[in-house]
Amino acid sequence: MKPPFRADQVGSLLRPAVLAAARVQFKQGALSADALGRVEDDCIRDIIERQQSIGLRSITDGELRRDYWHIDFLRQLGGVTITAMPNQSRFGGTEEQPPVATVTGKVGCSKPIMVDAFAYLQSVISVSSGISVTAKVTIPSPSMLYMRGGRNAVSSAVYPDLAEFWRDVAIAYQRAIRFFADRGCTYLQLDDVSFSYLCDPKFREGCRLNGDDPDALPQTFASAVNAALRGRPAGMTITMHTCRGNFRSSWVAEGGYESIAEAMFSIDVDGFFMEFDSARAGSFEPLRYLPTGKRAVLGLVTTKQGAIESADEIKRRIEAASAYVPMESLCLSPQCGFSSTHHGNAVSESEQWRKLELVVRVAREVWGEA
């Protein structure tokens, strides 16, 4: 089976204590970049071994080299500046918020971004217990250059015409993805918050205050992602994760997927990781728009708290989703990563691994494979 797999994961994992301590030392100037890199390498080898041992087939580096799931990538694009989040109270969530990417010059990608990190991951993974595994890399969706600040986040002096901005974004992403493909990447995931945030009335009002039409944005973002994937490398599986906010176990957006499902499902990816871990996500009914041949990965195991879900309840919910999508088009995963930022969520490492083990076990019992 090609990815997404029956038992899959979104990507980020809790930073081990030894790595967190090393990063603090590095930022204080007490540890060199090379020494920090060696700690990262050791920790990544450990989590790769653990992922393989529990039966996962999609293997990530846990994003252990990153501070933030999106900023570390976006800051390396040409024309992008990282600033504090303005007017953050509009969007709900915690008071402390990750920074935001603003566009202050022409967007471009002149060199590989995070490809060395992928190459290390690829070099360490192996066939374990006869199970073939695949290195998975995650990068932020193109919409992350726009959605939080809206038009105010894109310089009008540099881009008086937004159509030119989106053209440059598409070309930059095509190049970034090609750099991964050239190093052998066959499984790439775009992490996106724009579609699920647009389900929430509070965020939609924030968009209006930014001068945007929230009814038009789903199609704008879908077109932007499709343009970025135009000419996508042959043999590369690409998926998209829609997130409702995950910073330190917080959440931002609530509301069902009904209003954005058709636009989101028009994106040319192979699978959609969707959060369904709480009533905030609404019903499974919008899954009826999933195109034939695509997969919906149900995020039914929460990463926001440590309590371990009931396997029987997860199976019941998978069965409920199958009323709208054939069972063969469904997969299972945690609802998000366990550590979208270096801070981590309010779960222990033991709980993290137990939840991933649960995903694998339920997948095997439901579909006969993970």
# chains A, B, ... in the order shown; residues from 1 in each chain; ligands from 1
>>> residues_around(residues="region 155-159 of chain A", least_positions_apart="3", cutoff="10 Å", atoms="only C-alpha atoms", output="VMD selection string")
chain A and resid 79 102 to 107 151 to 152 162 to 166
>>> write_last_selection(atoms="N, CA, C and O atoms", output="JSON list (two decimals), in the first residue's frame")
[["chain", "number", "residue", "atom", "x", "y", "z"],
["A", 79, "GLY", "N", 12.34, 36.71, 0.33],
["A", 79, "GLY", "CA", 11.26, 37.69, 0.44],
["A", 79, "GLY", "C", 10.42, 37.58, 1.68],
["A", 79, "GLY", "O", 9.46, 38.34, 1.85],
["A", 102, "THR", "N", 5.72, 37.38, 7.21],
["A", 102, "THR", "CA", 5.25, 38.48, 6.39],
["A", 102, "THR", "C", 6.10, 38.56, 5.12],
["A", 102, "THR", "O", 7.28, 38.18, 5.12],
["A", 103, "VAL", "N", 5.51, 39.03, 4.07],
["A", 103, "VAL", "CA", 6.19, 39.09, 2.77],
["A", 103, "VAL", "C", 6.66, 40.52, 2.54],
["A", 103, "VAL", "O", 5.85, 41.44, 2.42],
["A", 104, "THR", "N", 7.98, 40.70, 2.52],
["A", 104, "THR", "CA", 8.57, 42.02, 2.37],
["A", 104, "THR", "C", 9.39, 42.16, 1.09],
["A", 104, "THR", "O", 9.95, 43.22, 0.81],
["A", 105, "GLY", "N", 9.50, 41.07, 0.33],
["A", 105, "GLY", "CA", 10.24, 41.10, -0.93],
["A", 105, "GLY", "C", 9.66, 40.06, -1.87],
["A", 105, "GLY", "O", 8.66, 39.41, -1.56],
["A", 106, "LYS", "N", 10.29, 39.88, -3.00],
["A", 106, "LYS", "CA", 9.82, 38.89, -3.96],
["A", 106, "LYS", "C", 10.04, 37.48, -3.40],
["A", 106, "LYS", "O", 11.15, 37.12, -2.99],
["A", 107, "VAL", "N", 8.98, 36.69, -3.39],
["A", 107, "VAL", "CA", 9.06, 35.34, -2.85],
["A", 107, "VAL", "C", 9.80, 34.44, -3.83],
["A", 107, "VAL", "O", 9.55, 34.46, -5.05],
["A", 151, "ARG", "N", -4.05, 40.41, 3.64],
["A", 151, "ARG", "CA", -3.39, 41.35, 2.72],
["A", 151, "ARG", "C", -2.33, 42.18, 3.43],
["A", 151, "ARG", "O", -1.32, 42.59, 2.83],
["A", 152, "ASN", "N", -2.52, 42.42, 4.74],
["A", 152, "ASN", "CA", -1.55, 43.20, 5.51],
["A", 152, "ASN", "C", -0.21, 42.48, 5.64],
["A", 152, "ASN", "O", 0.80, 43.12, 5.97],
["A", 162, "LEU", "N", -1.98, 40.90, -6.20],
["A", 162, "LEU", "CA", -1.83, 39.64, -5.48],
["A", 162, "LEU", "C", -1.66, 38.45, -6.42],
["A", 162, "LEU", "O", -1.09, 37.43, -6.03],
["A", 163, "ALA", "N", -2.15, 38.56, -7.64],
["A", 163, "ALA", "CA", -1.98, 37.45, -8.59],
["A", 163, "ALA", "C", -0.50, 37.17, -8.83],
["A", 163, "ALA", "O", -0.08, 36.02, -8.94],
["A", 164, "GLU", "N", 0.30, 38.24, -8.87],
["A", 164, "GLU", "CA", 1.75, 38.06, -9.05],
["A", 164, "GLU", "C", 2.36, 37.39, -7.82],
["A", 164, "GLU", "O", 3.25, 36.55, -7.94],
["A", 165, "PHE", "N", 1.88, 37.77, -6.64],
["A", 165, "PHE", "CA", 2.36, 37.14, -5.41],
["A", 165, "PHE", "C", 2.10, 35.64, -5.44],
["A", 165, "PHE", "O", 3.01, 34.84, -5.19],
["A", 166, "TRP", "N", 0.89, 35.24, -5.78],
["A", 166, "TRP", "CA", 0.57, 33.81, -5.79],
["A", 166, "TRP", "C", 1.35, 33.06, -6.86],
["A", 166, "TRP", "O", 1.72, 31.91, -6.67]]
>>> closest_atom_pairs(of="region 127-228 of chain A", to="region 12-29 of chain A", cutoff="12 Å", atoms="only C-alpha atoms", output="tab-separated table")
residue	atom	partner	partner_atom	distance
A:Lys136	CA	A:Ser12	CA	10.9
A:Val137	CA	A:Ser12	CA	10.2
A:Thr138	CA	A:Ser12	CA	8.8
A:Ile139	CA	A:Ser12	CA	11.2
A:Gln189	CA	A:Ser12	CA	11.9
A:Asp191	CA	A:Ser12	CA	11.1
>>> select_by_dssp(residues="region 189-308 of chain A", states="alpha helix (DSSP H)", output="list in words")
Ser194, Phe195, Ser196, Tyr197, Pro201, Lys202, Phe203, Arg204, Glu205, Gly206, Cys207, Arg208, Leu209, Leu217, Pro218, Gln219, Thr220, Phe221, Ala222, Ser223, Ala224, Val225, Asn226, Ala227, Ala228, Ala261, Glu262, Ala263 and Met264 of chain A
>>> write_last_selection(atoms="C-alpha atoms", output="PDB file, in the first residue's frame")
ATOM      1  CA  SER A 194      -6.346  27.942   6.636  1.00  0.00           C
ATOM      2  CA  PHE A 195      -9.245  25.656   5.720  1.00  0.00           C
ATOM      3  CA  SER A 196     -10.144  24.587   9.245  1.00  0.00           C
ATOM      4  CA  TYR A 197      -9.751  28.133  10.573  1.00  0.00           C
ATOM      5  CA  PRO A 201     -16.951  32.467  12.698  1.00  0.00           C
ATOM      6  CA  LYS A 202     -14.373  34.264  14.885  1.00  0.00           C
ATOM      7  CA  PHE A 203     -11.607  33.744  12.373  1.00  0.00           C
ATOM      8  CA  ARG A 204     -13.864  34.672   9.465  1.00  0.00           C
ATOM      9  CA  GLU A 205     -14.554  37.998  11.165  1.00  0.00           C
ATOM     10  CA  GLY A 206     -10.805  38.477  11.594  1.00  0.00           C
ATOM     11  CA  CYS A 207     -10.427  37.951   7.841  1.00  0.00           C
ATOM     12  CA  ARG A 208     -12.988  40.681   7.175  1.00  0.00           C
ATOM     13  CA  LEU A 209     -11.042  43.043   9.432  1.00  0.00           C
ATOM     14  CA  LEU A 217     -10.612  32.475   0.589  1.00  0.00           C
ATOM     15  CA  PRO A 218     -11.186  28.685   0.477  1.00  0.00           C
ATOM     16  CA  GLN A 219     -11.005  28.711  -3.305  1.00  0.00           C
ATOM     17  CA  THR A 220      -8.103  31.178  -3.251  1.00  0.00           C
ATOM     18  CA  PHE A 221      -6.093  28.856  -1.022  1.00  0.00           C
ATOM     19  CA  ALA A 222      -7.097  25.742  -2.966  1.00  0.00           C
ATOM     20  CA  SER A 223      -5.955  27.376  -6.210  1.00  0.00           C
ATOM     21  CA  ALA A 224      -2.679  28.428  -4.558  1.00  0.00           C
ATOM     22  CA  VAL A 225      -1.896  24.890  -3.403  1.00  0.00           C
ATOM     23  CA  ASN A 226      -2.839  23.391  -6.763  1.00  0.00           C
ATOM     24  CA  ALA A 227      -0.549  25.869  -8.509  1.00  0.00           C
ATOM     25  CA  ALA A 228       2.278  24.943  -6.137  1.00  0.00           C
ATOM     26  CA  ALA A 261     -15.024  20.831   2.068  1.00  0.00           C
ATOM     27  CA  GLU A 262     -15.646  21.188  -1.664  1.00  0.00           C
ATOM     28  CA  ALA A 263     -12.836  23.718  -2.116  1.00  0.00           C
ATOM     29  CA  MET A 264     -10.398  21.763   0.048  1.00  0.00           C
TER      30      MET A 264
END
>>> residues_around(residues="region 281-288 of chain A", least_positions_apart="2", cutoff="9 Å", atoms="only C-alpha atoms", output="list in words")
Ser196, Cys199, Arg244, Ala253, Glu254, Gly255, Gly256, Tyr257, Glu258, Ser259, Ile260, Ala261, Glu262, Met274, Glu275, Phe276, Asp277, Ser278, Ala279, Leu290, Pro291, Ala296, Ala320, Ala321, Ser322, Ala323, Tyr324 and Val325 of chain A
>>> write_last_selection(atoms="N, CA and C atoms", output="tab-separated table (two decimals), in the first residue's frame")
chain	number	residue	atom	x	y	z
A	196	SER	N	-9.41	24.83	8.01
A	196	SER	CA	-10.14	24.59	9.25
A	196	SER	C	-10.41	25.88	10.00
A	199	CYS	N	-13.53	27.58	9.03
A	199	CYS	CA	-14.78	27.00	9.53
A	199	CYS	C	-15.32	27.78	10.73
A	244	ARG	N	-6.50	22.63	13.47
A	244	ARG	CA	-7.38	23.60	14.14
A	244	ARG	C	-6.66	24.35	15.26
A	253	ALA	N	-9.65	26.96	16.22
A	253	ALA	CA	-10.84	26.98	15.36
A	253	ALA	C	-11.84	25.89	15.72
A	254	GLU	N	-13.11	26.23	15.63
A	254	GLU	CA	-14.17	25.24	15.77
A	254	GLU	C	-15.19	25.45	14.67
A	255	GLY	N	-15.95	24.41	14.40
A	255	GLY	CA	-16.93	24.47	13.32
A	255	GLY	C	-16.70	23.36	12.32
A	256	GLY	N	-17.77	22.78	11.80
A	256	GLY	CA	-17.67	21.67	10.87
A	256	GLY	C	-17.05	22.07	9.54
A	257	TYR	N	-16.65	21.05	8.77
A	257	TYR	CA	-15.96	21.27	7.50
A	257	TYR	C	-16.89	21.59	6.33
A	258	GLU	N	-18.18	21.62	6.56
A	258	GLU	CA	-19.14	21.72	5.46
A	258	GLU	C	-18.85	22.89	4.52
A	259	SER	N	-18.55	24.06	5.07
A	259	SER	CA	-18.43	25.26	4.24
A	259	SER	C	-17.17	25.29	3.40
A	260	ILE	N	-16.18	24.48	3.75
A	260	ILE	CA	-14.90	24.53	3.01
A	260	ILE	C	-14.57	23.21	2.32
A	261	ALA	N	-15.38	22.18	2.53
A	261	ALA	CA	-15.02	20.83	2.07
A	261	ALA	C	-14.84	20.76	0.56
A	262	GLU	N	-15.74	21.31	-0.20
A	262	GLU	CA	-15.65	21.19	-1.66
A	262	GLU	C	-14.38	21.85	-2.18
A	274	MET	N	-7.46	14.89	8.52
A	274	MET	CA	-8.49	15.78	9.05
A	274	MET	C	-8.70	15.52	10.53
A	275	GLU	N	-8.81	16.61	11.30
A	275	GLU	CA	-8.98	16.49	12.74
A	275	GLU	C	-10.44	16.21	13.08
A	276	PHE	N	-10.66	15.12	13.78
A	276	PHE	CA	-11.99	14.74	14.23
A	276	PHE	C	-11.95	14.26	15.68
A	277	ASP	N	-11.06	14.85	16.48
A	277	ASP	CA	-10.88	14.34	17.85
A	277	ASP	C	-11.87	14.92	18.85
A	278	SER	N	-12.66	15.92	18.44
A	278	SER	CA	-13.64	16.49	19.36
A	278	SER	C	-14.84	16.98	18.58
A	279	ALA	N	-15.89	17.34	19.33
A	279	ALA	CA	-17.12	17.84	18.70
A	279	ALA	C	-16.90	19.15	17.96
A	290	LEU	N	-15.38	13.87	-0.67
A	290	LEU	CA	-14.05	13.33	-0.97
A	290	LEU	C	-14.06	12.68	-2.35
A	291	PRO	N	-13.17	13.08	-3.25
A	291	PRO	CA	-13.16	12.50	-4.60
A	291	PRO	C	-12.75	11.03	-4.59
A	296	ALA	N	-9.09	9.79	3.08
A	296	ALA	CA	-9.28	10.66	4.24
A	296	ALA	C	-8.65	9.96	5.44
A	320	ALA	N	-18.75	4.97	11.61
A	320	ALA	CA	-19.65	6.09	11.33
A	320	ALA	C	-19.17	6.88	10.11
A	321	ALA	N	-17.86	7.08	9.99
A	321	ALA	CA	-17.33	7.80	8.83
A	321	ALA	C	-17.54	7.03	7.54
A	322	SER	N	-17.55	5.70	7.64
A	322	SER	CA	-17.71	4.88	6.43
A	322	SER	C	-19.11	4.98	5.83
A	323	ALA	N	-20.01	5.66	6.51
A	323	ALA	CA	-21.33	5.91	5.92
A	323	ALA	C	-21.23	6.93	4.80
A	324	TYR	N	-20.15	7.71	4.78
A	324	TYR	CA	-19.98	8.76	3.77
A	324	TYR	C	-18.82	8.49	2.81
A	325	VAL	N	-17.88	7.65	3.23
A	325	VAL	CA	-16.70	7.33	2.42
A	325	VAL	C	-16.46	5.82	2.51
>>> residues_around(residues="Arg75 (chain A)", least_positions_apart="5", cutoff="12 Å", atoms="only C-alpha atoms", output="list of chain:residue names")
A:Arg66, A:Asp67, A:Tyr68, A:Trp69, A:His70, A:Val80, A:Thr81, A:Ile82, A:Thr83, A:Pro99, A:Val100, A:Ala101, A:Thr102, A:Val103, A:Thr104, A:Val107, A:Gly108, A:Cys109, A:Ile113, A:Met114, A:Pro140, A:Met144, A:Leu145
>>> write_last_selection(atoms="N, CA and C atoms", output="PDB file, in the first residue's frame")
ATOM      1  N   ARG A  66      13.400  21.564  14.470  1.00  0.00           N
ATOM      2  CA  ARG A  66      12.667  22.821  14.309  1.00  0.00           C
ATOM      3  C   ARG A  66      12.255  23.432  15.649  1.00  0.00           C
ATOM      4  N   ASP A  67      12.096  24.757  15.632  1.00  0.00           N
ATOM      5  CA  ASP A  67      11.438  25.440  16.738  1.00  0.00           C
ATOM      6  C   ASP A  67       9.931  25.465  16.511  1.00  0.00           C
ATOM      7  N   TYR A  68       9.533  25.740  15.260  1.00  0.00           N
ATOM      8  CA  TYR A  68       8.124  25.834  14.897  1.00  0.00           C
ATOM      9  C   TYR A  68       7.870  25.028  13.626  1.00  0.00           C
ATOM     10  N   TRP A  69       6.687  24.447  13.540  1.00  0.00           N
ATOM     11  CA  TRP A  69       6.366  23.572  12.420  1.00  0.00           C
ATOM     12  C   TRP A  69       6.427  24.296  11.078  1.00  0.00           C
ATOM     13  N   HIS A  70       6.213  25.613  11.073  1.00  0.00           N
ATOM     14  CA  HIS A  70       6.119  26.360   9.821  1.00  0.00           C
ATOM     15  C   HIS A  70       7.208  27.406   9.660  1.00  0.00           C
ATOM     16  N   VAL A  80      10.747  36.651   2.582  1.00  0.00           N
ATOM     17  CA  VAL A  80       9.923  36.419   3.773  1.00  0.00           C
ATOM     18  C   VAL A  80      10.644  36.936   5.019  1.00  0.00           C
ATOM     19  N   THR A  81       9.903  37.682   5.832  1.00  0.00           N
ATOM     20  CA  THR A  81      10.400  38.193   7.104  1.00  0.00           C
ATOM     21  C   THR A  81       9.514  37.655   8.225  1.00  0.00           C
ATOM     22  N   ILE A  82      10.125  37.307   9.343  1.00  0.00           N
ATOM     23  CA  ILE A  82       9.368  36.767  10.476  1.00  0.00           C
ATOM     24  C   ILE A  82       9.146  37.870  11.501  1.00  0.00           C
ATOM     25  N   THR A  83       7.891  38.081  11.899  1.00  0.00           N
ATOM     26  CA  THR A  83       7.542  39.129  12.854  1.00  0.00           C
ATOM     27  C   THR A  83       6.622  38.570  13.933  1.00  0.00           C
ATOM     28  N   PRO A  99       5.380  33.345  16.048  1.00  0.00           N
ATOM     29  CA  PRO A  99       5.488  34.483  15.139  1.00  0.00           C
ATOM     30  C   PRO A  99       4.798  34.198  13.817  1.00  0.00           C
ATOM     31  N   VAL A 100       4.715  35.237  12.999  1.00  0.00           N
ATOM     32  CA  VAL A 100       4.012  35.119  11.721  1.00  0.00           C
ATOM     33  C   VAL A 100       4.958  35.509  10.587  1.00  0.00           C
ATOM     34  N   ALA A 101       4.772  34.870   9.443  1.00  0.00           N
ATOM     35  CA  ALA A 101       5.569  35.201   8.262  1.00  0.00           C
ATOM     36  C   ALA A 101       4.924  36.368   7.524  1.00  0.00           C
ATOM     37  N   THR A 102       5.718  37.377   7.205  1.00  0.00           N
ATOM     38  CA  THR A 102       5.246  38.483   6.387  1.00  0.00           C
ATOM     39  C   THR A 102       6.103  38.556   5.123  1.00  0.00           C
ATOM     40  N   VAL A 103       5.511  39.028   4.067  1.00  0.00           N
ATOM     41  CA  VAL A 103       6.195  39.087   2.774  1.00  0.00           C
ATOM     42  C   VAL A 103       6.664  40.515   2.542  1.00  0.00           C
ATOM     43  N   THR A 104       7.975  40.698   2.519  1.00  0.00           N
ATOM     44  CA  THR A 104       8.569  42.025   2.369  1.00  0.00           C
ATOM     45  C   THR A 104       9.394  42.160   1.090  1.00  0.00           C
ATOM     46  N   VAL A 107       8.978  36.691  -3.388  1.00  0.00           N
ATOM     47  CA  VAL A 107       9.056  35.336  -2.853  1.00  0.00           C
ATOM     48  C   VAL A 107       9.800  34.437  -3.834  1.00  0.00           C
ATOM     49  N   GLY A 108      10.701  33.633  -3.298  1.00  0.00           N
ATOM     50  CA  GLY A 108      11.435  32.712  -4.153  1.00  0.00           C
ATOM     51  C   GLY A 108      12.069  31.604  -3.338  1.00  0.00           C
ATOM     52  N   CYS A 109      12.589  30.607  -4.042  1.00  0.00           N
ATOM     53  CA  CYS A 109      13.313  29.501  -3.412  1.00  0.00           C
ATOM     54  C   CYS A 109      14.551  29.224  -4.264  1.00  0.00           C
ATOM     55  N   ILE A 113      15.627  23.667   0.961  1.00  0.00           N
ATOM     56  CA  ILE A 113      15.225  24.004   2.330  1.00  0.00           C
ATOM     57  C   ILE A 113      14.893  22.714   3.069  1.00  0.00           C
ATOM     58  N   MET A 114      15.592  22.456   4.153  1.00  0.00           N
ATOM     59  CA  MET A 114      15.371  21.293   5.010  1.00  0.00           C
ATOM     60  C   MET A 114      15.643  19.962   4.315  1.00  0.00           C
ATOM     61  N   PRO A 140       5.108  23.525   5.637  1.00  0.00           N
ATOM     62  CA  PRO A 140       3.866  24.300   5.711  1.00  0.00           C
ATOM     63  C   PRO A 140       3.261  24.536   4.335  1.00  0.00           C
ATOM     64  N   MET A 144       0.176  29.525   4.256  1.00  0.00           N
ATOM     65  CA  MET A 144       0.717  30.082   5.496  1.00  0.00           C
ATOM     66  C   MET A 144       1.450  31.401   5.275  1.00  0.00           C
ATOM     67  N   LEU A 145       1.743  31.744   4.024  1.00  0.00           N
ATOM     68  CA  LEU A 145       2.348  33.040   3.733  1.00  0.00           C
ATOM     69  C   LEU A 145       1.319  34.161   3.701  1.00  0.00           C
TER      70      LEU A 145
END
>>> residues_around(residues="region 327-338 of chain A", least_positions_apart="6", cutoff="9 Å", atoms="only C-alpha atoms", output="PyMOL selection string")
chain A and resi 4-14+62+241-246+248-249+273-277+292-304+318-319+321+344-347+352+355-356+359-360+362-363+367+370
